[in-house]
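Asker: File follows, data-v1.txt with compact mmCIF, C-alpha atoms and all ligand atoms:
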# COMPACT_ATOMS: atom_id res chain seq x y z
CA MET A 1327 -24.29 19.49 -13.98
CA SER A 1328 -23.59 17.86 -10.60
CA ILE A 1329 -20.49 15.73 -10.11
CA TRP A 1330 -22.79 12.70 -9.66
CA THR A 1331 -24.29 13.20 -13.12
CA THR A 1332 -20.78 13.26 -14.63
CA ILE A 1333 -19.79 10.15 -12.67
CA ALA A 1334 -23.00 8.35 -13.70
CA THR A 1335 -22.35 9.20 -17.36
CA HIS A 1336 -18.77 7.93 -17.03
CA ILE A 1337 -20.02 4.67 -15.46
CA THR A 1338 -22.55 4.35 -18.30
CA THR A 1339 -19.93 4.77 -21.03
CA THR A 1340 -17.40 2.50 -19.30
CA THR A 1341 -19.83 -0.36 -18.63
CA GLY A 1342 -21.96 0.13 -21.75
CA LYS A 1343 -25.07 -0.05 -19.57
CA PRO A 1344 -27.15 2.99 -18.52
CA PHE A 1345 -26.50 4.05 -14.93
CA GLN A 1346 -28.15 6.79 -12.91
CA ALA A 1347 -26.82 7.92 -9.54
CA ALA A 1348 -30.18 7.51 -7.85
CA SER A 1349 -28.56 7.73 -4.42
CA HIS A 1350 -25.15 8.35 -2.97
CA GLN A 1351 -24.15 8.03 0.65
CA SER A 1352 -20.88 8.86 2.39
CA ILE A 1353 -18.65 6.07 3.70
CA SER A 1354 -16.32 6.83 6.58
CA GLY A 1355 -13.01 5.18 7.42
CA GLY A 1356 -10.62 6.60 4.83
CA CYS A 1357 -7.45 8.48 5.78
CA ILE A 1358 -6.91 10.58 2.68
CA ASN A 1359 -10.05 10.85 0.57
CA SER A 1360 -13.78 11.11 1.09
CA ALA A 1361 -15.74 8.12 -0.17
CA ALA A 1362 -19.28 7.25 -1.16
CA LEU A 1363 -21.48 4.37 -2.21
CA VAL A 1364 -23.42 5.30 -5.35
CA GLN A 1365 -26.26 3.14 -6.62
CA ASP A 1366 -29.20 2.97 -8.99
CA GLY A 1367 -31.17 0.28 -7.19
CA GLU A 1368 -29.54 -2.49 -9.20
CA ARG A 1369 -25.80 -1.76 -9.37
CA ARG A 1370 -23.52 -0.28 -6.70
CA PHE A 1371 -20.15 1.43 -7.04
CA PHE A 1372 -17.58 2.75 -4.58
CA VAL A 1373 -16.42 6.28 -5.37
CA LYS A 1374 -13.43 8.14 -3.91
CA LEU A 1375 -13.38 11.93 -4.10
CA ASN A 1376 -10.63 14.46 -3.54
CA ARG A 1377 -9.54 17.84 -4.89
CA ALA A 1378 -8.88 17.97 -8.65
CA ALA A 1379 -5.09 17.79 -8.18
CA ALA A 1380 -5.54 14.25 -6.84
CA LEU A 1381 -6.40 12.91 -10.30
CA GLU A 1382 -2.88 11.60 -10.87
CA MET A 1383 -3.01 9.85 -7.49
CA PHE A 1384 -6.30 8.22 -8.47
CA ALA A 1385 -4.91 7.18 -11.86
CA ALA A 1386 -2.05 5.41 -10.07
CA GLU A 1387 -4.40 3.81 -7.53
CA SER A 1388 -6.57 2.58 -10.38
CA ALA A 1389 -3.55 1.05 -12.16
CA GLY A 1390 -2.41 -0.53 -8.88
CA LEU A 1391 -5.79 -2.14 -8.27
CA GLU A 1392 -5.75 -3.38 -11.87
CA GLU A 1393 -2.29 -4.91 -11.35
CA ILE A 1394 -3.53 -6.84 -8.28
CA VAL A 1395 -6.78 -7.93 -9.96
CA GLU A 1396 -4.86 -9.13 -13.03
CA ALA A 1397 -2.50 -11.21 -10.88
CA GLY A 1398 -5.58 -13.27 -9.94
CA ALA A 1399 -4.21 -14.27 -6.53
CA ILE A 1400 -6.38 -12.27 -4.15
CA ARG A 1401 -9.51 -10.18 -4.56
CA ALA A 1402 -9.23 -6.39 -4.87
CA PRO A 1403 -11.87 -3.94 -6.09
CA ARG A 1404 -11.88 -3.77 -9.88
CA PRO A 1405 -11.33 -0.12 -10.90
CA LEU A 1406 -13.79 1.31 -13.38
CA CYS A 1407 -13.00 4.89 -14.31
CA HIS A 1408 -11.56 8.14 -12.97
CA GLY A 1409 -11.70 11.80 -13.94
CA THR A 1410 -12.51 15.28 -12.71
CA ALA A 1411 -15.79 17.16 -12.39
CA GLY A 1412 -16.84 20.30 -10.56
CA GLY A 1413 -13.30 20.95 -9.30
CA GLN A 1414 -12.99 17.46 -7.81
CA ALA A 1415 -11.21 14.27 -8.85
CA TYR A 1416 -13.03 10.95 -8.61
CA LEU A 1417 -12.16 7.27 -8.81
CA VAL A 1418 -14.94 4.73 -9.35
CA MET A 1419 -14.47 1.07 -8.53
CA GLU A 1420 -16.42 -2.07 -7.79
CA TYR A 1421 -18.27 -1.87 -4.47
CA ILE A 1422 -17.41 -4.81 -2.23
CA GLU A 1423 -19.67 -5.55 0.68
CA SER A 1424 -17.80 -6.80 3.75
CA GLY A 1425 -19.08 -9.91 5.53
CA ALA A 1426 -18.49 -11.25 9.02
CA PRO A 1427 -15.10 -13.04 9.00
CA ARG A 1428 -15.15 -16.77 9.70
CA ALA A 1429 -12.51 -18.80 11.51
CA ALA A 1430 -10.63 -19.98 8.40
CA ASP A 1431 -10.59 -16.64 6.57
CA ALA A 1432 -7.40 -15.23 8.10
CA ALA A 1433 -5.49 -18.32 6.93
CA LEU A 1434 -6.83 -17.80 3.42
CA LEU A 1435 -5.58 -14.21 3.53
CA GLY A 1436 -2.10 -15.54 4.36
CA GLU A 1437 -2.19 -18.09 1.52
CA GLN A 1438 -3.50 -15.62 -1.03
CA LEU A 1439 -1.02 -12.92 -0.07
CA ALA A 1440 1.78 -15.44 -0.60
CA ALA A 1441 0.26 -16.19 -4.02
CA LEU A 1442 0.22 -12.46 -4.82
CA HIS A 1443 3.90 -12.31 -3.88
CA HIS A 1444 4.57 -15.09 -6.37
CA ALA A 1445 3.55 -12.64 -9.12
CA GLN A 1446 6.95 -11.23 -9.98
CA ALA A 1447 8.60 -8.74 -12.32
CA GLU A 1448 12.11 -8.44 -13.72
CA HIS A 1449 12.97 -5.26 -11.81
CA PHE A 1450 12.20 -3.62 -8.49
CA GLY A 1451 9.89 -0.60 -8.79
CA TRP A 1452 6.92 -0.18 -11.08
CA LYS A 1453 5.84 1.34 -14.39
CA MET A 1454 4.52 4.48 -12.64
CA ASP A 1455 5.02 6.47 -9.47
CA ASN A 1456 2.22 6.51 -6.90
CA THR A 1457 1.64 7.68 -3.34
CA ILE A 1458 2.03 6.24 0.13
CA GLY A 1459 -0.67 7.96 2.15
CA ALA A 1460 -0.52 11.39 0.58
CA THR A 1461 3.27 11.30 0.06
CA PRO A 1462 4.72 10.75 -3.43
CA GLN A 1463 6.33 7.30 -3.86
CA ASP A 1464 9.11 7.02 -6.45
CA ASN A 1465 8.97 3.66 -8.27
CA THR A 1466 11.87 4.16 -10.70
CA CYS A 1467 12.98 0.66 -11.67
CA ASP A 1468 16.20 -0.80 -10.31
CA ASP A 1469 17.90 -4.21 -10.43
CA ASP A 1470 19.53 -3.77 -7.03
CA TRP A 1471 17.14 -4.06 -4.09
CA CYS A 1472 19.50 -2.45 -1.56
CA HIS A 1473 20.01 0.51 -3.88
CA PHE A 1474 16.28 0.78 -4.52
CA TRP A 1475 15.41 0.74 -0.82
CA GLY A 1476 17.96 3.44 0.01
CA LYS A 1477 17.44 5.73 -2.96
CA ARG A 1478 13.68 5.33 -3.65
CA ARG A 1479 12.33 4.71 -0.16
CA LEU A 1480 14.45 5.87 2.79
CA ALA A 1481 16.30 8.84 1.25
CA PRO A 1482 13.16 10.62 -0.07
CA GLN A 1483 11.47 10.33 3.33
CA LEU A 1484 14.59 11.58 5.13
CA ASN A 1485 14.83 14.51 2.70
CA LEU A 1486 11.17 15.31 3.31
CA ALA A 1487 11.78 15.10 7.06
CA ALA A 1488 14.60 17.65 6.71
CA ARG A 1489 12.26 19.97 4.79
CA ASN A 1490 9.69 19.48 7.56
CA GLY A 1491 12.27 20.63 10.12
CA TYR A 1492 13.16 17.22 11.60
CA ARG A 1493 16.90 17.68 11.42
CA SER A 1494 19.71 16.92 13.91
CA ARG A 1495 19.40 13.40 15.33
CA LEU A 1496 17.03 11.97 12.74
CA GLN A 1497 19.15 13.23 9.84
CA GLN A 1498 22.47 12.27 11.35
CA ARG A 1499 21.30 8.70 12.09
CA GLY A 1500 19.47 8.49 8.79
CA GLU A 1501 22.55 9.46 6.79
CA LYS A 1502 24.64 6.90 8.66
CA LEU A 1503 22.07 4.19 7.97
CA LEU A 1504 22.02 5.01 4.25
CA VAL A 1505 25.80 4.65 4.09
CA GLU A 1506 25.69 1.37 6.05
CA LEU A 1507 22.67 -0.04 4.22
CA PRO A 1508 24.68 -2.64 2.24
CA ARG A 1509 25.68 -4.21 5.57
CA LEU A 1510 22.01 -4.85 6.33
CA LEU A 1511 20.70 -5.57 2.84
CA GLY A 1512 23.72 -6.20 0.62
CA GLU A 1513 23.64 -9.99 0.95
CA HIS A 1514 19.86 -10.15 0.70
CA GLN A 1515 18.71 -10.94 -2.83
CA PRO A 1516 14.91 -11.08 -2.88
CA ALA A 1517 12.82 -11.48 -6.03
CA PRO A 1518 10.74 -8.47 -7.16
CA SER A 1519 7.29 -9.53 -5.88
CA LEU A 1520 4.04 -7.72 -6.52
CA LEU A 1521 3.35 -5.88 -3.25
CA HIS A 1522 0.22 -4.26 -1.89
CA GLY A 1523 2.62 -1.70 -0.47
CA ASP A 1524 0.46 -0.30 2.34
CA LEU A 1525 -0.78 -3.45 4.03
CA TRP A 1526 -1.94 -2.38 7.47
CA SER A 1527 -5.02 -3.81 9.14
CA GLY A 1528 -7.27 -1.03 7.80
CA ASN A 1529 -6.61 -2.07 4.19
CA TYR A 1530 -8.08 -5.57 4.10
CA THR A 1531 -11.48 -7.06 4.71
CA PHE A 1532 -13.46 -10.19 3.87
CA ASP A 1533 -16.31 -10.19 1.37
CA ALA A 1534 -19.77 -11.67 1.98
CA GLU A 1535 -18.44 -15.15 0.99
CA GLY A 1536 -15.52 -14.86 3.39
CA MET A 1537 -12.96 -14.28 0.63
CA PRO A 1538 -10.09 -11.94 1.55
CA VAL A 1539 -10.08 -8.51 -0.11
CA ILE A 1540 -7.24 -6.00 -0.13
CA PHE A 1541 -7.73 -2.36 -1.11
CA ASP A 1542 -6.11 1.10 -1.05
CA PRO A 1543 -2.73 -0.21 -2.33
CA ALA A 1544 0.57 1.56 -2.99
CA VAL A 1545 1.68 -1.07 -5.52
CA TYR A 1546 5.25 -1.75 -6.61
CA TYR A 1547 7.49 -4.78 -7.10
CA GLY A 1548 9.79 -5.35 -4.15
CA ASP A 1549 10.84 -7.64 -1.33
CA ARG A 1550 7.71 -9.46 -0.09
CA GLU A 1551 9.08 -8.99 3.44
CA ALA A 1552 8.14 -5.31 3.17
CA ASP A 1553 4.44 -6.27 2.98
CA MET A 1554 4.80 -8.77 5.81
CA ALA A 1555 6.65 -6.24 7.98
CA MET A 1556 3.86 -3.72 7.58
CA THR A 1557 1.23 -6.23 8.72
CA GLU A 1558 3.07 -6.22 12.06
CA LEU A 1559 3.28 -2.45 12.34
CA PHE A 1560 -0.16 -1.32 13.50
CA GLY A 1561 -1.47 -4.65 14.81
CA GLY A 1562 -4.54 -6.51 13.70
CA PHE A 1563 -3.42 -9.56 11.72
CA SER A 1564 -4.20 -12.84 13.40
CA PRO A 1565 -1.72 -15.65 14.20
CA ASP A 1566 -3.56 -17.82 11.62
CA PHE A 1567 -2.57 -15.34 8.91
CA TYR A 1568 1.14 -15.67 9.75
CA ARG A 1569 0.98 -19.45 10.13
CA ALA A 1570 -0.68 -19.82 6.72
CA TYR A 1571 1.76 -17.44 5.00
CA GLU A 1572 4.78 -19.27 6.48
CA ALA A 1573 3.30 -22.66 5.54
CA THR A 1574 2.81 -21.46 1.95
CA TRP A 1575 6.11 -19.63 1.49
CA PRO A 1576 8.42 -19.36 4.51
CA LEU A 1577 10.26 -16.08 5.10
CA PRO A 1578 14.07 -16.33 4.91
CA PRO A 1579 16.40 -15.92 7.92
CA GLY A 1580 17.12 -12.31 8.84
CA TYR A 1581 13.54 -11.11 8.41
CA ASP A 1582 13.34 -10.14 12.09
CA VAL A 1583 16.00 -7.49 11.56
CA ARG A 1584 15.04 -6.40 8.04
CA LYS A 1585 11.41 -5.85 9.00
CA HIS A 1586 12.47 -2.83 11.07
CA LEU A 1587 14.31 -1.42 8.07
CA TYR A 1588 11.15 -1.80 5.99
CA ASN A 1589 8.83 -0.39 8.64
CA LEU A 1590 11.17 2.57 9.13
CA TYR A 1591 9.91 3.79 5.75
CA HIS A 1592 6.31 3.86 6.98
CA ILE A 1593 7.18 5.42 10.33
CA LEU A 1594 9.20 8.15 8.57
CA ASN A 1595 6.19 8.68 6.31
CA HIS A 1596 3.92 8.97 9.35
CA ALA A 1597 6.39 11.41 10.93
CA ASN A 1598 6.23 13.50 7.74
CA LEU A 1599 2.43 13.33 7.55
CA PHE A 1600 1.50 13.59 11.22
CA GLY A 1601 4.66 14.54 13.19
CA GLY A 1602 4.31 13.98 16.94
CA GLY A 1603 5.51 10.70 18.44
CA TYR A 1604 6.38 9.23 15.05
CA VAL A 1605 9.58 11.34 14.91
CA ALA A 1606 10.87 9.82 18.16
CA GLN A 1607 9.75 6.36 17.00
CA ALA A 1608 11.73 6.78 13.77
CA GLU A 1609 14.81 7.85 15.75
CA ASN A 1610 14.50 4.82 18.02
CA MET A 1611 14.18 2.52 15.01
CA LEU A 1612 17.28 4.08 13.48
CA ASP A 1613 19.21 3.53 16.73
CA ARG A 1614 18.11 -0.06 16.83
CA LEU A 1615 19.10 -0.72 13.23
CA LEU A 1616 22.48 0.98 13.65
CA SER A 1617 23.12 -1.13 16.74
CA GLU A 1618 22.61 -4.25 14.58
CA ILE A 1619 25.54 -3.12 12.47
CA GLY A 1620 27.66 -2.47 15.59
P1 LIG A 1701 -8.50 6.28 1.74
O1 LIG A 1701 -7.86 6.26 0.38
O2 LIG A 1701 -9.08 7.60 2.07
O3 LIG A 1701 -7.58 5.78 2.84
P2 LIG A 1701 -9.84 3.69 1.73
O4 LIG A 1701 -9.47 3.11 0.41
O5 LIG A 1701 -9.10 3.18 2.92
O6 LIG A 1701 -9.76 5.29 1.68
O7 LIG A 1701 -11.42 3.48 1.90
C1 LIG A 1701 -12.15 4.00 3.01
C2 LIG A 1701 -13.06 2.93 3.58
O8 LIG A 1701 -14.02 2.55 2.60
C3 LIG A 1701 -12.31 1.66 3.94
O9 LIG A 1701 -11.95 1.64 5.29
C4 LIG A 1701 -13.26 0.55 3.60
O10 LIG A 1701 -14.01 0.19 4.74
C5 LIG A 1701 -14.19 1.14 2.58
N1 LIG A 1701 -13.89 0.65 1.20
C6 LIG A 1701 -12.74 0.83 0.49
N2 LIG A 1701 -12.85 0.32 -0.75
C7 LIG A 1701 -14.10 -0.19 -0.83
C8 LIG A 1701 -14.82 -0.86 -1.88
N3 LIG A 1701 -14.27 -1.07 -3.08
N4 LIG A 1701 -16.09 -1.26 -1.60
C9 LIG A 1701 -16.65 -1.02 -0.40
N5 LIG A 1701 -16.04 -0.40 0.61
C10 LIG A 1701 -14.77 0.01 0.42
Take the structure in the file and give it back as structure tokens.

Answerer:
Amino acid sequence: MSIWTTIATHITTTTGKPFQAASHQSISGGCINSAALVQDGERRFFVKLNRAAALEMFAAESAGLEEIVEAGAIRAPRPLCHGTAGGQAYLVMEYIESGAPRAADAALLGEQLAALHHAQAEHFGWKMDNTIGATPQDNTCDDDWCHFWGKRRLAPQLNLAARNGYRSRLQQRGEKLLVELPRLLGEHQPAPSLLHGDLWSGNYTFDAEGMPVIFDPAVYYGDREADMAMTELFGGFSPDFYRAYEATWPLPPGYDVRKHLYNLYHILNHANLFGGGYVAQAENMLDRLLSEIG
């Protein structure tokens, strides 16, 4: 039986309506998985594929999408089902057609992201671990944001960097930053907001009606500034987005320093995944943050 027959059967049982994978075509653009549009002439679904060991990653992505959909603040693809077939793992979700963005859409993205951030939990972290890119992300719950950021975000990436051979300067600065972290974050008491967690410009679009859509999340509850910081990291969000977010829920003083602390996590992750210039970038960010402490 082909993987598409298994997926079609799973879609049939999940939706309670017969589905046949009459056609499936590859979709490019992903960083980690291969993707396809599968359709029967009437209904369309977006399918991610990876090796069988990725099933757990897909289960967590599915739960993350569900968490965002349930919050009802911003559109995300509704997950349908996941499983393994023919030595591969798959994740099926709603297919969302992108439309041409209109002038007001970026502002709506800012407003709706602020609304997502208003969905809050009692603790930082999340009910399950997930991945950031292909790297495991530890979401063990914590009441102390500074402790969470050091222990569950920066330290695991620094440890991974050591295992990848990035030692000396990166480790020495990284260890110092971990010790000094309370001086940068100790007074900062954010609420645990529902975060997309990997909000770069490749992970949002606008649907055919111009409504914002976010996808490919690395969900957890944390400081909303971490999402906002990442929007600045690889470019691509318009000034209207920032104006609308600020008008809806202004960011507190100190964000301009903390954003580097939050983006350090992603640059360390990129260093661990791709090496190259990201290692030097992480070292420069560490220097800059340590100079803030004096
Ligand atoms: P990866 O997990 O490999 O990074 P993405 O989730 O980023 O993959 O998806 C790859 C591409 O597929 C995206 O750039 C986007 O254009 C498109 N895409 C993602 N989710 C959907 C969806 N639900 N419907 C339609 N297209 C999608």

Asker: Here is a test: counting all atoms listed in the file, which residue of A:Thr1461, A:Asn1456, A:Gln1515, A:Asn1376 is nearest to Gly1580 of chain A?

Answerer: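 The shortest atom-to-atom distance to Gly1580 of chain A comes from A:Gln1515.
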
Asker: Kindly work out which residues sit at most 7 Å from ligand LIG 1701 (chain A), using only C-alpha atoms and all ligand atoms, and give the list as a PDB file with C-alpha atoms, in the frame of the given file.

Answerer:
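Writing done, so here's selection39.pdb:
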ATOM      1  CA  ILE A1353     -18.650   6.070   3.700  1.00  0.00           C
ATOM      2  CA  SER A1354     -16.320   6.830   6.580  1.00  0.00           C
ATOM      3  CA  GLY A1355     -13.010   5.180   7.420  1.00  0.00           C
ATOM      4  CA  GLY A1356     -10.620   6.600   4.830  1.00  0.00           C
ATOM      5  CA  CYS A1357      -7.450   8.480   5.780  1.00  0.00           C
ATOM      6  CA  ILE A1358      -6.910  10.580   2.680  1.00  0.00           C
ATOM      7  CA  ASN A1359     -10.050  10.850   0.570  1.00  0.00           C
ATOM      8  CA  SER A1360     -13.780  11.110   1.090  1.00  0.00           C
ATOM      9  CA  ALA A1361     -15.740   8.120  -0.170  1.00  0.00           C
ATOM     10  CA  PHE A1372     -17.580   2.750  -4.580  1.00  0.00           C
ATOM     11  CA  PRO A1403     -11.870  -3.940  -6.090  1.00  0.00           C
ATOM     12  CA  MET A1419     -14.470   1.070  -8.530  1.00  0.00           C
ATOM     13  CA  GLU A1420     -16.420  -2.070  -7.790  1.00  0.00           C
ATOM     14  CA  TYR A1421     -18.270  -1.870  -4.470  1.00  0.00           C
ATOM     15  CA  ILE A1422     -17.410  -4.810  -2.230  1.00  0.00           C
ATOM     16  CA  GLU A1423     -19.670  -5.550   0.680  1.00  0.00           C
ATOM     17  CA  GLY A1528      -7.270  -1.030   7.800  1.00  0.00           C
ATOM     18  CA  ASN A1529      -6.610  -2.070   4.190  1.00  0.00           C
ATOM     19  CA  PHE A1541      -7.730  -2.360  -1.110  1.00  0.00           C
ATOM     20  CA  ASP A1542      -6.110   1.100  -1.050  1.00  0.00           C
TER      21      ASP A1542
END

Asker: Of the residues A:Arg1369, A:Trp1330, A:Glu1437, A:Met1454, which is the one nearest to Ala1570 of chain A, using all atoms listed in the file?

Answerer: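 Among A:Arg1369, A:Trp1330, A:Glu1437, A:Met1454, it is A:Glu1437 that comes nearest to Ala1570 of chain A.
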
Asker: Can you list, as a list in words, every protein, DNA or RNA residue that comes within 12 Å of Gly1620 of chain A when you count only C-alpha atoms, leaving out same-chain residues fewer than 3 positions away?

Answerer: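 So, after excluding close chain neighbours, the residues are Leu1503, Glu1506, Arg1509, Leu1510, Asp1613, Arg1614, Leu1615, Leu1616 and Ser1617 of chain A.
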
Asker: In terms of the shortest atom-to-atom distance over only C-alpha atoms, which of A:Val1539, A:Ala1445, A:Pro1462, A:Met1554 is closest to Arg1404 of chain A?

Answerer: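 Closest to Arg1404 of chain A, using only C-alpha atoms: A:Val1539.
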
Asker: Which distance in Å separates atom CA of Ala1534 of chain A and atom CA of Arg1401 of chain A, to one decimal?

Answerer: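 Taking atom CA of Ala1534 of chain A and atom CA of Arg1401 of chain A, their separation equals 12.3 Å.
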
Asker: So, with only C-alpha atoms as the atoms that count, which of A:Thr1335, A:Ser1519, A:Gln1607, A:Thr1557 lies closest to Gly1409 of chain A?

Answerer: A:Thr1335

Asker: Could you tell me how far atom CA of Gly1548 of chain A lies from atom CA of Gly1451 of chain A, in Å and to one decimal?

Answerer: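 For atom CA of Gly1548 of chain A relative to atom CA of Gly1451 of chain A, the distance reads 6.6 Å.
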
Asker: List as a PyMOL selection string: which residues have an atom within 8 Å of (-0.2, 0.0, 4.3), counting all atoms listed in the file?

Answerer: chain A and resi 1458+1522-1529+1543-1544+1553+1556-1557

Asker: Would you compute the distance between atom CA of Gly1602 of chain A and atom CA of Tyr1492 of chain A? Give it in Å to one decimal.

Answerer: 10.8 Å

Asker: I want to know what sits within 12 Å of Gln1346 of chain A, based on only C-alpha atoms, with residues of the same chain fewer than 3 positions away left out; could you give that as a list in words?

Answerer: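 Here the qualifying residues turn out to be Trp1330, Thr1331, Thr1332, Ile1333, Ala1334, Thr1335, His1336, Ile1337, Thr1338, Thr1339, Lys1343, Ser1349, His1350, Val1364, Gln1365, Asp1366, Gly1367, Glu1368, Arg1369, Arg1370 and Phe1371 of chain A.
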
Asker: Restricting the calculation to all atoms listed in the file: of A:Arg1478, A:His1408, A:Arg1584, A:Arg1489, which residue gets closest to Glu1618 of chain A?

Answerer: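 For Glu1618 of chain A, the nearest of the given residues is A:Arg1584.
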
Asker: Using only C-alpha atoms, which residue out of A:Leu1511, A:Ala1411, A:Ala1386, A:Ala1348 lies closest to Ile1329 of chain A?

Answerer: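 For Ile1329 of chain A, the nearest of the candidates is A:Ala1411.
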
Asker: List the neighbours of Ala1432 of chain A out to 6 Å using all atoms listed in the file; skip same-chain residues closer than 2 positions along the sequence, and give me the result as a list in words.

Answerer: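 Final neighbour list, sorted by chain and number: Ala1430, Leu1434, Leu1435, Asp1566 and Phe1567 of chain A.
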